[in-house]
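Structure data follow from target-v9.cif (mmCIF, C-alpha atoms):
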```cif
data_model
loop_
_atom_site.label_atom_id
_atom_site.label_comp_id
_atom_site.auth_asym_id
_atom_site.auth_seq_id
_atom_site.Cartn_x
_atom_site.Cartn_y
_atom_site.Cartn_z
CA MET A 1 -11.19 -35.01 -24.91
CA SER A 2 -12.05 -37.99 -27.06
CA GLY A 3 -13.76 -37.56 -30.40
CA ASN A 4 -16.88 -39.57 -29.49
CA LYS A 5 -18.28 -36.91 -27.14
CA GLY A 6 -21.11 -34.70 -28.32
CA PRO A 7 -20.64 -30.94 -28.87
CA ALA A 8 -22.54 -29.96 -25.71
CA GLN A 9 -20.52 -32.27 -23.47
CA ALA A 10 -17.29 -31.23 -25.15
CA ALA A 11 -18.12 -27.55 -24.67
CA ALA A 12 -18.96 -28.11 -21.00
CA GLN A 13 -15.69 -29.91 -20.34
CA ALA A 14 -13.73 -27.28 -22.25
CA ALA A 15 -15.38 -24.58 -20.14
CA ASP A 16 -14.44 -26.48 -16.99
CA LEU A 17 -10.84 -26.69 -18.13
CA LEU A 18 -10.64 -23.02 -19.06
CA LEU A 19 -12.05 -21.98 -15.69
CA TYR A 20 -9.61 -24.33 -14.00
CA TYR A 21 -6.73 -22.60 -15.82
CA LYS A 22 -8.10 -19.21 -14.82
CA GLU A 23 -8.29 -20.19 -11.15
CA LEU A 24 -4.69 -21.38 -11.31
CA GLY A 25 -3.61 -17.96 -12.55
CA VAL A 26 -2.51 -19.38 -15.91
CA ASP A 27 -2.21 -16.69 -18.53
CA GLU A 28 -0.97 -18.73 -21.42
CA VAL A 29 -2.83 -21.32 -23.41
CA PHE A 30 -2.59 -20.72 -27.13
CA LEU A 31 -5.95 -21.32 -28.78
CA LYS A 32 -6.71 -21.11 -32.51
CA ALA A 33 -10.02 -20.96 -34.33
CA ASN A 34 -10.69 -22.29 -37.80
CA LEU A 35 -13.51 -21.82 -40.29
CA ALA A 36 -15.62 -24.51 -38.65
CA GLY A 37 -15.39 -22.73 -35.31
CA ASP A 38 -13.47 -25.56 -33.66
CA VAL A 39 -10.58 -24.87 -31.32
CA SER A 40 -7.11 -26.36 -31.71
CA ASP A 41 -4.31 -25.76 -29.28
CA ASP A 42 -0.93 -26.75 -27.89
CA THR A 43 -2.42 -28.75 -25.01
CA GLY A 44 -2.34 -32.18 -26.62
CA GLY A 45 -5.70 -31.84 -28.36
CA ALA A 46 -7.72 -31.07 -25.24
CA PHE A 47 -9.96 -28.69 -27.17
CA LYS A 48 -10.19 -30.59 -30.47
CA GLY A 49 -13.67 -30.52 -31.95
CA VAL A 50 -15.04 -28.05 -29.41
CA PRO A 51 -17.24 -25.28 -30.87
CA THR A 52 -15.98 -21.91 -29.60
CA ALA A 53 -19.40 -20.29 -29.32
CA ALA A 54 -20.60 -23.12 -27.08
CA VAL A 55 -17.55 -22.81 -24.83
CA LYS A 56 -18.10 -19.08 -24.46
CA LYS A 57 -21.77 -19.63 -23.63
CA LYS A 58 -20.93 -22.24 -21.02
CA LEU A 59 -18.31 -20.00 -19.43
CA GLN A 60 -20.62 -17.03 -19.20
CA ALA A 61 -23.78 -18.88 -18.17
CA ARG A 62 -22.40 -21.49 -15.79
CA PHE A 63 -19.55 -19.63 -14.13
CA ALA A 64 -20.53 -15.94 -14.52
CA LEU A 65 -16.94 -14.89 -15.04
CA GLN A 66 -16.27 -11.24 -14.32
CA GLU A 67 -13.79 -11.12 -17.14
CA SER A 68 -15.31 -12.26 -20.43
CA VAL A 69 -13.46 -14.95 -22.34
CA SER A 70 -13.48 -14.17 -26.05
CA LEU A 71 -13.14 -17.10 -28.44
CA SER A 72 -14.09 -15.40 -31.70
CA HIS A 73 -14.09 -17.17 -35.08
CA ALA A 74 -11.61 -16.32 -37.79
CA SER A 75 -11.30 -16.86 -41.52
CA SER A 76 -7.86 -18.36 -40.99
CA PRO A 77 -6.10 -19.81 -37.93
CA GLN A 78 -4.96 -17.13 -35.51
CA THR A 79 -3.83 -16.87 -31.91
CA ILE A 80 -6.70 -15.43 -29.92
CA VAL A 81 -5.59 -15.88 -26.29
CA PRO A 82 -1.91 -14.86 -25.83
CA LEU A 83 -0.45 -16.31 -22.63
CA GLN A 84 2.82 -16.96 -20.82
CA LYS A 85 2.57 -20.55 -19.62
CA THR A 86 1.25 -23.62 -21.36
CA ALA A 87 -1.60 -25.78 -20.16
CA ALA A 88 0.86 -28.57 -19.46
CA TYR A 89 2.55 -26.38 -16.84
CA ALA A 90 -0.81 -25.56 -15.27
CA LEU A 91 -1.75 -29.22 -14.96
CA SER A 92 1.60 -30.11 -13.42
CA SER A 93 1.13 -27.28 -10.89
CA ALA A 94 -2.43 -28.15 -9.91
CA ALA A 95 -1.79 -29.91 -6.60
CA PRO A 96 0.44 -27.30 -4.93
CA VAL A 97 -1.84 -24.47 -6.07
CA LEU A 98 -5.00 -26.02 -4.71
CA GLN A 99 -3.27 -26.85 -1.42
CA SER A 100 -1.37 -23.54 -1.02
CA ALA A 101 -3.32 -22.39 2.04
CA ASP A 102 -2.61 -25.66 3.86
CA VAL A 103 1.05 -25.57 2.84
CA PHE A 104 1.76 -22.12 4.25
CA ALA A 105 -0.41 -22.65 7.32
CA SER A 106 2.14 -25.20 8.51
CA ALA A 107 4.93 -22.61 8.86
CA GLU A 108 5.79 -21.90 12.48
CA THR A 109 8.78 -19.61 11.90
CA LEU A 110 9.85 -17.07 9.28
CA ASP A 111 12.62 -19.41 8.15
CA GLN A 112 10.07 -22.17 7.56
CA LEU A 113 7.84 -19.79 5.65
CA ARG A 114 10.73 -18.66 3.47
CA SER A 115 11.63 -22.27 2.71
CA LEU A 116 8.04 -23.10 1.75
CA MET A 117 7.84 -20.07 -0.52
CA GLU A 118 11.13 -20.90 -2.22
CA SER A 119 9.96 -24.46 -2.92
CA PHE A 120 6.42 -23.47 -3.98
CA LYS A 121 5.52 -24.57 -7.53
CA GLY A 122 2.03 -23.16 -7.80
CA CYS A 123 2.65 -19.70 -9.27
CA ALA A 124 3.92 -19.19 -12.82
CA LEU A 125 5.68 -15.95 -11.81
CA LYS A 126 8.26 -18.01 -9.93
CA GLU A 127 9.36 -19.58 -13.21
CA THR A 128 10.33 -16.22 -14.75
CA ALA A 129 11.71 -14.49 -11.64
CA LEU A 130 15.36 -14.68 -10.63
CA THR A 131 14.74 -14.89 -6.89
CA THR A 132 12.08 -15.18 -4.21
CA VAL A 133 12.06 -11.75 -2.59
CA PHE A 134 11.10 -12.59 0.97
CA SER A 135 11.65 -9.52 3.15
CA ASP A 136 14.00 -6.91 4.53
CA GLY A 137 14.35 -5.07 7.81
CA ASN A 138 13.79 -6.07 11.40
CA PRO A 139 11.38 -9.02 11.97
CA GLU A 140 11.02 -7.89 15.59
CA SER A 141 9.64 -4.51 14.52
CA ASP A 142 6.16 -3.37 15.44
CA VAL A 143 5.76 -1.75 11.99
CA MET A 144 5.31 -3.85 8.84
CA LEU A 145 5.26 -2.32 5.37
CA ILE A 146 3.77 -4.35 2.51
CA GLY A 147 4.18 -3.45 -1.14
CA GLU A 148 3.00 -4.92 -4.43
CA ALA A 149 5.75 -7.04 -6.01
CA PRO A 150 9.49 -6.89 -6.72
CA GLY A 151 10.86 -4.84 -9.60
CA ALA A 152 14.01 -5.52 -11.61
CA ASP A 153 16.41 -4.29 -8.92
CA GLU A 154 14.61 -6.19 -6.18
CA ASP A 155 14.55 -9.35 -8.27
CA ARG A 156 18.27 -9.09 -8.89
CA LEU A 157 19.25 -8.33 -5.28
CA GLY A 158 16.61 -10.43 -3.51
CA LYS A 159 15.33 -7.60 -1.27
CA PRO A 160 12.19 -5.44 -1.46
CA PHE A 161 12.36 -1.72 -2.21
CA VAL A 162 16.01 -1.34 -3.18
CA GLY A 163 15.52 0.70 -6.37
CA ARG A 164 14.54 4.35 -6.73
CA SER A 165 11.22 3.78 -5.00
CA GLY A 166 13.09 2.18 -2.11
CA GLN A 167 15.35 5.20 -1.80
CA LEU A 168 12.30 7.45 -1.56
CA LEU A 169 10.77 5.14 1.03
CA ASP A 170 13.96 5.33 3.11
CA LYS A 171 13.74 9.15 3.09
CA ILE A 172 10.10 9.11 4.15
CA LEU A 173 10.83 6.72 7.01
CA ALA A 174 13.79 8.81 8.15
CA ALA A 175 11.53 11.86 8.34
CA ILE A 176 9.43 10.12 11.03
CA GLU A 177 12.49 8.73 12.81
CA LEU A 178 12.27 5.24 11.38
CA SER A 179 14.61 3.32 9.10
CA ARG A 180 14.94 0.05 7.23
CA GLU A 181 16.53 -1.35 10.39
CA THR A 182 13.54 -0.45 12.56
CA VAL A 183 10.68 -1.60 10.28
CA TYR A 184 9.92 -4.84 8.46
CA ILE A 185 9.24 -4.84 4.70
CA ALA A 186 7.62 -7.46 2.44
CA ASN A 187 5.43 -7.69 -0.67
CA ILE A 188 2.08 -9.24 -1.57
CA VAL A 189 3.77 -11.16 -4.41
CA PRO A 190 7.35 -12.33 -3.78
CA TRP A 191 8.22 -12.86 -7.46
CA ARG A 192 8.73 -10.20 -10.09
CA PRO A 193 5.99 -10.08 -12.76
CA PRO A 194 7.41 -9.91 -16.30
CA ALA A 195 8.11 -6.34 -17.45
CA ASN A 196 7.11 -5.09 -13.99
CA ARG A 197 3.43 -5.42 -14.84
CA VAL A 198 0.78 -5.30 -12.12
CA PRO A 199 0.08 -8.75 -10.61
CA THR A 200 -3.22 -10.24 -11.70
CA PRO A 201 -6.01 -10.95 -9.18
CA GLN A 202 -5.29 -14.65 -9.66
CA GLU A 203 -1.61 -14.15 -8.78
CA THR A 204 -2.37 -12.11 -5.67
CA ALA A 205 -4.94 -14.72 -4.61
CA LEU A 206 -2.31 -17.44 -4.91
CA CYS A 207 0.12 -15.45 -2.77
CA LEU A 208 -2.39 -14.27 -0.18
CA PRO A 209 -1.92 -17.30 2.15
CA MET A 210 1.82 -16.54 2.22
CA VAL A 211 1.22 -12.91 3.16
CA GLU A 212 -1.35 -13.78 5.81
CA LYS A 213 1.03 -16.22 7.47
CA HIS A 214 3.90 -13.75 7.11
CA ILE A 215 1.93 -11.10 9.01
CA ALA A 216 0.90 -13.56 11.71
CA LEU A 217 4.51 -14.65 12.30
CA VAL A 218 5.91 -11.09 12.43
CA LYS A 219 3.07 -9.91 14.72
CA PRO A 220 3.27 -6.20 13.87
CA LYS A 221 1.20 -3.66 15.76
CA VAL A 222 0.53 -1.58 12.67
CA ILE A 223 0.76 -2.24 8.91
CA VAL A 224 1.37 0.24 6.10
CA LEU A 225 0.04 -0.91 2.71
CA LEU A 226 2.04 0.62 -0.12
CA GLY A 227 -0.08 0.97 -3.23
CA SER A 228 -3.38 -0.18 -4.64
CA THR A 229 -2.50 -3.86 -5.12
CA ALA A 230 -1.43 -4.33 -1.50
CA ALA A 231 -4.43 -2.43 -0.17
CA LYS A 232 -7.02 -4.18 -2.34
CA THR A 233 -5.58 -7.61 -1.59
CA LEU A 234 -5.32 -7.36 2.17
CA LEU A 235 -8.48 -5.33 2.71
CA SER A 236 -10.51 -7.50 0.29
CA THR A 237 -11.93 -4.55 -1.59
CA LYS A 238 -12.23 -3.24 -5.12
CA GLU A 239 -11.76 0.37 -4.02
CA GLY A 240 -8.65 2.10 -5.30
CA ILE A 241 -5.89 3.54 -3.17
CA THR A 242 -7.16 7.11 -3.56
CA ARG A 243 -10.38 6.16 -1.76
CA LEU A 244 -8.74 3.84 0.75
CA ARG A 245 -5.98 6.13 1.95
CA GLY A 246 -6.54 8.96 4.40
CA ARG A 247 -8.11 6.76 7.04
CA THR A 248 -7.11 3.92 9.33
CA HIS A 249 -8.56 0.46 8.69
CA MET A 250 -8.56 -2.55 10.98
CA TYR A 251 -7.18 -5.86 9.73
CA ARG A 252 -7.23 -9.45 10.93
CA ASN A 253 -6.69 -12.72 9.06
CA ARG A 254 -7.33 -16.38 9.84
CA TYR A 255 -4.09 -16.71 11.82
CA MET A 256 -4.58 -13.64 14.04
CA GLN A 257 -6.59 -13.34 17.24
CA GLU A 258 -6.81 -9.55 17.31
CA ALA A 259 -7.24 -6.91 14.61
CA ILE A 260 -4.52 -4.32 14.09
CA PRO A 261 -4.57 -0.86 12.45
CA VAL A 262 -3.70 -0.65 8.76
CA ILE A 263 -2.72 2.51 6.88
CA PRO A 264 -3.03 2.41 3.08
CA THR A 265 -0.94 4.93 1.16
CA PHE A 266 0.49 5.57 -2.27
CA HIS A 267 3.28 3.34 -3.55
CA PRO A 268 6.64 5.16 -3.65
CA ALA A 269 6.94 4.36 -7.36
CA TYR A 270 3.68 6.25 -7.93
CA LEU A 271 5.03 9.19 -5.93
CA LEU A 272 8.05 9.32 -8.22
CA ARG A 273 5.70 9.61 -11.20
CA SER A 274 3.27 11.94 -9.42
CA PRO A 275 5.28 14.10 -7.00
CA GLY A 276 2.24 16.24 -6.34
CA GLN A 277 0.84 13.39 -4.24
CA LYS A 278 3.77 13.36 -1.81
CA ARG A 279 1.92 15.77 0.47
CA GLU A 280 -0.95 13.29 0.84
CA ALA A 281 1.44 10.38 1.42
CA TRP A 282 3.18 12.43 4.09
CA LYS A 283 -0.14 12.75 5.94
CA ASP A 284 -0.43 8.95 5.93
CA PHE A 285 3.03 8.50 7.42
CA LEU A 286 2.30 11.14 10.06
CA ARG A 287 -0.70 8.98 10.98
CA LEU A 288 1.70 6.04 11.33
CA LYS A 289 3.85 8.13 13.65
CA GLU A 290 0.83 9.10 15.76
CA ILE A 291 -0.33 5.50 16.08
CA ARG A 292 3.14 4.34 17.10
CA GLU A 293 3.48 7.14 19.64
CA SER A 294 0.10 6.28 21.13
CA TYR A 295 0.90 2.65 21.87
CA VAL A 296 4.58 3.27 22.65
CA GLY A 297 3.51 5.94 25.13
CA SER A 298 0.93 3.57 26.60
CA GLU A 299 3.53 0.83 26.97
CA LYS A 300 5.94 3.23 28.67
CA SER A 301 3.17 4.38 31.02
CA GLU A 302 2.30 0.79 31.93
CA GLU A 303 5.97 0.04 32.52
CA ALA A 304 6.27 3.08 34.79
CA ASP A 305 3.17 1.99 36.72
CA ARG A 306 4.59 -1.49 37.21
CA SER A 307 7.89 -0.02 38.38
CA ALA A 308 6.14 2.30 40.81
CA ARG A 309 4.03 -0.52 42.24
CA ALA A 310 7.13 -2.67 42.63
CA THR A 311 8.91 0.14 44.45
CA LEU A 312 5.97 0.72 46.80
CA SER A 313 5.72 -3.01 47.50
CA ALA A 314 9.42 -3.19 48.27
CA GLY A 315 9.03 -0.21 50.68
CA HIS A 316 6.42 -2.08 52.68
#
```
So, in terms of structure tokens, how does the structure I just supplied come out?
Amino acid sequence: MSGNKGPAQAAAQAADLLLYYKELGVDEVFLKANLAGDVSDDTGGAFKGVPTAAVKKKLQARFALQESVSLSHASSPQTIVPLQKTAAYALSSAAPVLQSADVFASAETLDQLRSLMESFKGCALKETALTTVFSDGNPESDVMLIGEAPGADEDRLGKPFVGRSGQLLDKILAAIELSRETVYIANIVPWRPPANRVPTPQETALCLPMVEKHIALVKPKVIVLLGSTAAKTLLSTKEGITRLRGRTHMYRNRYMQEAIPVIPTFHPAYLLRSPGQKREAWKDFLRLKEIRESYVGSEKSEEADRSARATLSAGH
């Protein structure tokens, strides 16, 4: 911003820029307040001469942000918004972020989708992760499991659910006569968040077009959502996993013609911390087994009917 703009205009433009960063999922612009209430930063002077109270007012009044942005004054310069990425990174990433839905919509195969995800520059998590954790299991499976995000082991090995939580998941699947070879596994976010923190709503929103296209390409007949982040993201709800689990939901996205059943359940990592909830998770996986048996049985019955009709026709 140039110095010849009035305080009101400067505050409005600063509010626009802050909201823009927020929509990009940027967590890291270092802002400092001085005695005069002006903001200085590491963004090349973009906030120079902007009164913090006016910026806050603009943000709250014009954009009605659910999460308040606090730009409090201080008697000496201090960092008041700790972040991970600079504004310069956010600006350089603007185009791919804003066009992410169009980018992933163009994928016609899983290999194309993987390539697009690996080359995507719109999410800051990719800069700190070791690998893009795409998937594991059988892409021809009728069962798709979707978790939250990779952990340290997954990030290192490039596959979802390979740590302790993955070992527990393998045991649960084996108990209903499934395995990693007979299901397909992915995550909402393909890059490990620093320190295994929960992905932010902005990060899951950035990755949602990838997940939607991933589901459409795999074409599962039933989805299991592992944990609150996966369930909230795909079901577009603020309800927690405790309320969502225990019942079957129907899901369809922009790339799908028909809705399919979805079963939310606890994340295996949560079950390791809260073993008392394993009984409830087991009920969810029994529901998965029942759903599979219902449509597998129906398919077998239809196949038998077709075979019988063919035999009768041949007899005539």
Residue members of the PyMOL selection byres ((chain A and resi 210-217) around 6) in the file shown, as a list of chain:residue names: A:Phe104, A:Cys207, A:Leu208, A:Pro209, A:Val218, A:Lys219, A:Tyr255, A:Met256
Local residues around (0.7, 6.8, -1.4), at most 8 Å away, using all atoms listed in the file, as a PyMOL selection string: chain A and resi 226-227+241+245+264-268+270-271+277-278+280-281+284
Residues selected by the PyMOL selection byres ((chain A and resi 147) around 12), written as JSON, numbers by chain: {"A": [133, 134, 135, 136, 144, 145, 146, 148, 149, 150, 151, 154, 159, 160, 161, 165, 166, 169, 184, 185, 186, 187, 188, 189, 190, 198, 199, 204, 211, 223, 224, 225, 226, 227, 228, 229, 230, 231, 232, 233, 234, 264, 265, 266, 267, 268, 269, 270]}
Residue nearest Leu178 in chain A - candidates A:Ile263, A:Ala105, A:Val222, A:Lys289, atoms counted: only C-alpha atoms: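 Closest residue, counting only C-alpha atoms: A:Lys289.
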Atomic distance CA of Thr109 in chain A - CA of Ile172 in chain A, expressed in Å with one decimal: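 According to the coordinates, CA of Thr109 in chain A and CA of Ile172 in chain A are separated by 29.8 Å.
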Non-local contacts of Arg156 in chain A (10 Å; only C-alpha atoms; under 6 positions in same chain excluded) as number ranges by chain: A: 129-133, 150, 162, 192
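Shortest separation to Arg273 in chain A among A:Cys123, A:Glu108, A:Arg164, A:Met117 occurs at residue A:Arg164, atoms counted being only C-alpha atoms.
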Selected residue, from A:Arg114, A:Arg197, A:Arg292, A:Lys221, that lies nearest to Ala259 in chain A when counting all atoms listed in the file: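 Looking at the shortest contact to Ala259 in chain A, the residue is A:Lys221.
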Would you give the centre and edge lengths, in Å to one decimal, of a box along x, y and z around the listed atoms of range 182-188 of chain A, with 4 Å added to each side, as lines of an AutoDock Vina configuration file?
```
center_x = 7.8
center_y = -4.8
center_z = 5.5
size_x = 19.5
size_y = 16.8
size_z = 22.1
```
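If you look at CA of Ser274 in chain A and CA of Gly137 in chain A, they are 26.6 Å away from each other.
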Length of the CA of Ile176 in chain A to CA of Arg243 in chain A vector [Å]: 23.9 Å
Who sits within 10 Å of Ile291 in chain A, all atoms listed in the file, same chain under 2 positions skipped, as a count of residues only: 15
Contacts of Thr182 in chain A at 9 Å (all atoms listed in the file; same-chain gap of 4+ positions) as an MDAnalysis selection string: chainID A and resid 137:143 178
Write the residues of the preceding selection, restricted to C-alpha atoms, as a PDB file, keeping the file's coordinate frame.
```pdb
ATOM      1  CA  GLY A 137      14.350  -5.070   7.810  1.00  0.00           C
ATOM      2  CA  ASN A 138      13.790  -6.070  11.400  1.00  0.00           C
ATOM      3  CA  PRO A 139      11.380  -9.020  11.970  1.00  0.00           C
ATOM      4  CA  GLU A 140      11.020  -7.890  15.590  1.00  0.00           C
ATOM      5  CA  SER A 141       9.640  -4.510  14.520  1.00  0.00           C
ATOM      6  CA  ASP A 142       6.160  -3.370  15.440  1.00  0.00           C
ATOM      7  CA  VAL A 143       5.760  -1.750  11.990  1.00  0.00           C
ATOM      8  CA  LEU A 178      12.270   5.240  11.380  1.00  0.00           C
TER       9      LEU A 178
END
```
